[in-house]
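A.B. asks: First the structure, then my questions, so here it is.
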Amino acid sequence: MENKKIQASIEAILFAKGESVEVKDLITALECEEEEIREAIDHLKTMYAKSDRGIQLVELEDAIQLRTKEEFYDALIKITTVPRKQTLTDAALETLSIVAYKQPVTRLDVEKIRGVNSDSPLNKLLEYGLIQEVGRLDAPGRPLLFGTTEQFLRSFGVKSIDDLPQMSPDVLEDFKAQAEKEIQIKLDI
Amino acid sequence: MENKKIQASIEAILFAKGESVEVKDLITALECEEEEIREAIDHLKTMYAKSDRGIQLVELEDAIQLRTKEEFYDALIKITTVPRKQTLTDAALETLSIVAYKQPVTRLDVEKIRGVNSDSPLNKLLEYGLIQEVGRLDAPGRPLLFGTTEQFLRSFGVKSIDDLPQMSPDVLEDFKAQAEKEIQIKLDI
Amino acid sequence: MAIPVKLEVFEGPLDLLLHLIEKNKVDIYDIPISLITEQYLEYVQNMPKEDLNVVSEFLVMAATLLDIKCKMLLPKQETEEGEEEIDPRAELVQKLLEYKMYKYMSLELKDMQMESERYLYKKPTIPKKVQSYKAPLDYEALVGDSTLQALNDLFLVIMKRNEEKIDPIRSGFGKIVKEEVDLDKKQLEVCAYIEAHKKCMFTELLSEQKNKMDTIVTFLIILELIKVGSIGIKQDETFSDIEITYEKPFVKIELQ
């Protein structure tokens, strides 16, 4: 298939589906080599990046999806209905960060780190489709293991779990230093 | 607002809405002159018309909408339809054998022979194109008569219905005699 | 330390501890355990007691704190190897650090979520033509390994099963029609028949009957007639036909 046609076909598919489309499905449907598809995706990305375009192509693990550019949000909310915000409680956010950074985790893992029973936030996150069951731990009772979903990547604007902001003791040290500095500043005033 | 930005905003709006958007709403949302909007729409139209694009801008009355180009429907079909992998159930096979050997038959004929309501397998066979309506019985209610199709002949490797292995009246008589004998034995016990 | 009138809500005991550590501006690696324990207990005492599960979680931590406090009060002992004993607070500090790290990341996530909310996605708009498309049937897969012979065999099985289903005796009864039987009339009929024939076969009498109910009633009438001695019966062998003979004039019998 011609390059231009591959590109156009991918755009047509992404537009009509609206949802994310796996690269491997594109390979099958368009009967192309993976390389050709990857190339077309890169072209599309470059094309959308231009300033006269209102949409962009995002990658989510091994899937791609179209979405509007962030800068047009203010214009968009005037004319379209924006999906209702999912406000997560602090407990849910804490739980989610544990699942995201330590996945796969069991209920007990989360509970141990938070120091409190976390069934309710875990269930909420499952309900929101931000986390999912990903298997069972090979341990007595074979407890369920949880991981994050593609919806999680979308909702938090990351390509993959590896792209989550780094979490290291260094970061924490920085955070601490910063906090101390802030207090210092306040004290100085 | 800069021309490019108007164009990009319109694209973002059309994309997020998915459905048609009235030009006057665009004017309000983007706080532009109608002329500017019209110009941007024309630009978008020309851009989408290029062969490496999978979507098109269509105008309907005083509204505009983005749509998938028809030439990419095949690609879309390939990615949205799950291949049907079906096999004939036992009920369908039984029903098919009755239609094949006793055609033309009514629903009631099949039901009497199978001893159970056979609407579902009959409908499935009709949907598969293995049987078809061949007329109506000249009886109260004028029930539909079913027979096998050419597809049936093709699938089962027969040239014509006459080539179906015949069920001779003798065989049927044998069955009857056998059945009676069996009942007799039961009574004797 | 004065307890605020309105108690702050904490996610859990670790959250509360972190709060106390930050509030007192002390080093997490060198927690003044007496002070923190005291404040922690003060908070727990004032906790709403509605949910015992929640309270118990906080109490477990209180016990841990008291345990650490005790250990800290004891003089430091060197182990046999001459190494210094591990700080009793070490485990708690580790837990607090881990929790703090995730709590910090959860705030990062919160920001990320807020930013991502500014991206809009599109609902599927699959053209009708595409939606209504039906993939062609794979007839080879559909038919599988059923051959014409298999179909033929199957048909024979069905016909055989069908014949067996029909009980040749009962199928002779024909259709069952719900019908009220006039007992008096029926009795008169049966009596008239036997009287007219003087001698008749039971099957002959039954063959006169229109339906199951008539047959049953006739049978009952015969039984009654035998009982009152109006008729006599004779059967040569089991299952053979029964011969009915007229004995004496009929009297009206009461069937129940």
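Chains: A, B, ... in order of the structure tokens. Residues: from 1 per chain. Ligands: from 1, in order shown.
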Near chain B, meaning an atom within 12 Å, which residues of chain C appear when counting only C-alpha atoms? Write them as a PyMOL selection string.
C.D. replies: chain C and resi 118-171+238-239
A.B. asks: Give me every strand (DSSP E or B) residue in range 18-177 of chain B, going by DSSP on the backbone, as a ChimeraX atom specification.
C.D. replies: /B:21-22,55-60,63-68,105,131-136,144-148
A.B. asks: Find the spatial neighbours of range 58-75 of chain C, counting only C-alpha atoms, within a cut-off of 8 Å - ignore same-chain residues fewer than 5 positions away - and output them as a ChimeraX atom specification.
C.D. replies: /C:12-13,33-34,37,40-41,44,88-89
A.B. asks: Chain A vs chain B: Cα RMSD after least-squares superposition over all Cα in order?
C.D. replies: 19.6 Å
A.B. asks: For range 46-51 of chain A, please output as a ChimeraX atom specification all residues within 10 Å (counting only C-alpha atoms; exclusion window: fewer than 2 positions along the same chain).
C.D. replies: /A:40-44,53-57,66,69 /B:4-5,7-8
A.B. asks: Between CA of Lys159 in chain A and CA of Leu60 in chain A, measure the distance and give it in Å to one decimal.
C.D. replies: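 CA of Lys159 in chain A sits 4.6 Å away from CA of Leu60 in chain A.
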A.B. asks: Which one of A:Val23, A:Ile79, A:Val134, A:Ile37 sits closest to chain B if you count only C-alpha atoms?
C.D. replies: A:Ile79
A.B. asks: With only C-alpha atoms as the atoms that count, which of B:Glu2, B:Asp52, B:Cys32, B:Lys45 lies nearest to chain A?
C.D. replies: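 When distances to chain A are compared using only C-alpha atoms, the smallest one comes from B:Asp52.
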A.B. asks: Would you work out the distance separating CA of Ile131 in chain B from CA of Asp162 in chain B, expressed in Å to one decimal?
C.D. replies: 15.8 Å
A.B. asks: Tell me which protein, DNA and RNA residues are within 6 Å of Ser20 in chain A, counting only C-alpha atoms, leaving out same-chain ones fewer than 4 positions away, and put them as JSON, numbers by chain.
C.D. replies: {"A": [63, 64, 65]}
A.B. asks: Could you tell me, as a PyMOL selection string, which residues of range 20-181 of chain C DSSP assigns to helix (DSSP H, G or I) when given the backbone?
C.D. replies: chain C and resi 20-23+28-30+33-45+52-73+90-116+128-131+139-143+148-165+170-173
A.B. asks: What is the CA of Gln94 in chain C-CA of Gln132 in chain A distance in Å, reported with one decimal?
C.D. replies: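 Spanning CA of Gln94 in chain C to CA of Gln132 in chain A is a straight-line distance of 28.4 Å.
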A.B. asks: Using only C-alpha atoms, which protein or nucleic acid residues come within 9 Å of Lys24 in chain B? Drop anything in the same chain fewer than 4 positions from it, and give the result as a VMD selection string.
C.D. replies: chain B and resid 28 to 29 34 62 to 63
A.B. asks: Please provide the set of residues having any atom within 10 Å of Met201 in chain C, restricted to only C-alpha atoms, with same-chain residues fewer than 3 positions apart removed, written as a ChimeraX atom specification.
C.D. replies: /C:194,197,204-206,233-235,241-245
A.B. asks: For the residues selected in the previous step, produce a file with N, CA and C atoms as an mmCIF file, in the first residue's frame.
C.D. replies:
```cif
data_model
loop_
_atom_site.group_PDB
_atom_site.id
_atom_site.type_symbol
_atom_site.label_atom_id
_atom_site.label_comp_id
_atom_site.auth_asym_id
_atom_site.auth_seq_id
_atom_site.Cartn_x
_atom_site.Cartn_y
_atom_site.Cartn_z
ATOM 1 N N ILE C 194 -74.526 -54.848 25.640
ATOM 2 C CA ILE C 194 -74.284 -56.216 26.109
ATOM 3 C C ILE C 194 -75.581 -57.048 26.009
ATOM 4 N N HIS C 197 -76.190 -58.021 22.490
ATOM 5 C CA HIS C 197 -75.275 -59.024 21.942
ATOM 6 C C HIS C 197 -75.281 -60.318 22.736
ATOM 7 N N GLU C 204 -64.221 -55.444 21.527
ATOM 8 C CA GLU C 204 -65.298 -54.959 20.639
ATOM 9 C C GLU C 204 -66.004 -53.785 21.288
ATOM 10 N N LEU C 205 -66.283 -53.978 22.565
ATOM 11 C CA LEU C 205 -66.992 -52.952 23.319
ATOM 12 C C LEU C 205 -66.162 -51.649 23.348
ATOM 13 N N LEU C 206 -64.851 -51.829 23.569
ATOM 14 C CA LEU C 206 -63.977 -50.640 23.641
ATOM 15 C C LEU C 206 -63.852 -49.942 22.300
ATOM 16 N N ILE C 233 -67.473 -62.768 33.109
ATOM 17 C CA ILE C 233 -66.339 -62.588 32.201
ATOM 18 C C ILE C 233 -65.478 -63.834 32.155
ATOM 19 N N LYS C 234 -64.783 -63.960 31.039
ATOM 20 C CA LYS C 234 -63.913 -65.120 30.866
ATOM 21 C C LYS C 234 -62.691 -64.710 30.040
ATOM 22 N N GLN C 235 -61.522 -65.098 30.537
ATOM 23 C CA GLN C 235 -60.304 -64.795 29.788
ATOM 24 C C GLN C 235 -59.460 -66.049 29.729
ATOM 25 N N ASP C 241 -58.057 -61.486 24.925
ATOM 26 C CA ASP C 241 -59.298 -60.711 25.005
ATOM 27 C C ASP C 241 -60.235 -61.314 26.063
ATOM 28 N N ILE C 242 -61.115 -60.471 26.561
ATOM 29 C CA ILE C 242 -62.039 -60.933 27.613
ATOM 30 C C ILE C 242 -63.428 -61.093 27.013
ATOM 31 N N GLU C 243 -64.029 -62.224 27.297
ATOM 32 C CA GLU C 243 -65.376 -62.469 26.787
ATOM 33 C C GLU C 243 -66.398 -62.063 27.851
ATOM 34 N N ILE C 244 -67.349 -61.270 27.416
ATOM 35 C CA ILE C 244 -68.372 -60.785 28.358
ATOM 36 C C ILE C 244 -69.701 -61.475 28.031
ATOM 37 N N THR C 245 -70.337 -62.046 29.079
ATOM 38 C CA THR C 245 -71.633 -62.690 28.841
ATOM 39 C C THR C 245 -72.706 -62.057 29.710
#
```
A.B. asks: Which is closer to chain B than all the others in A:Val110, A:Leu122, A:Val116, A:Val21, using only C-alpha atoms?
C.D. replies: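 Counting only C-alpha atoms, the residue closest to chain B is A:Val21.
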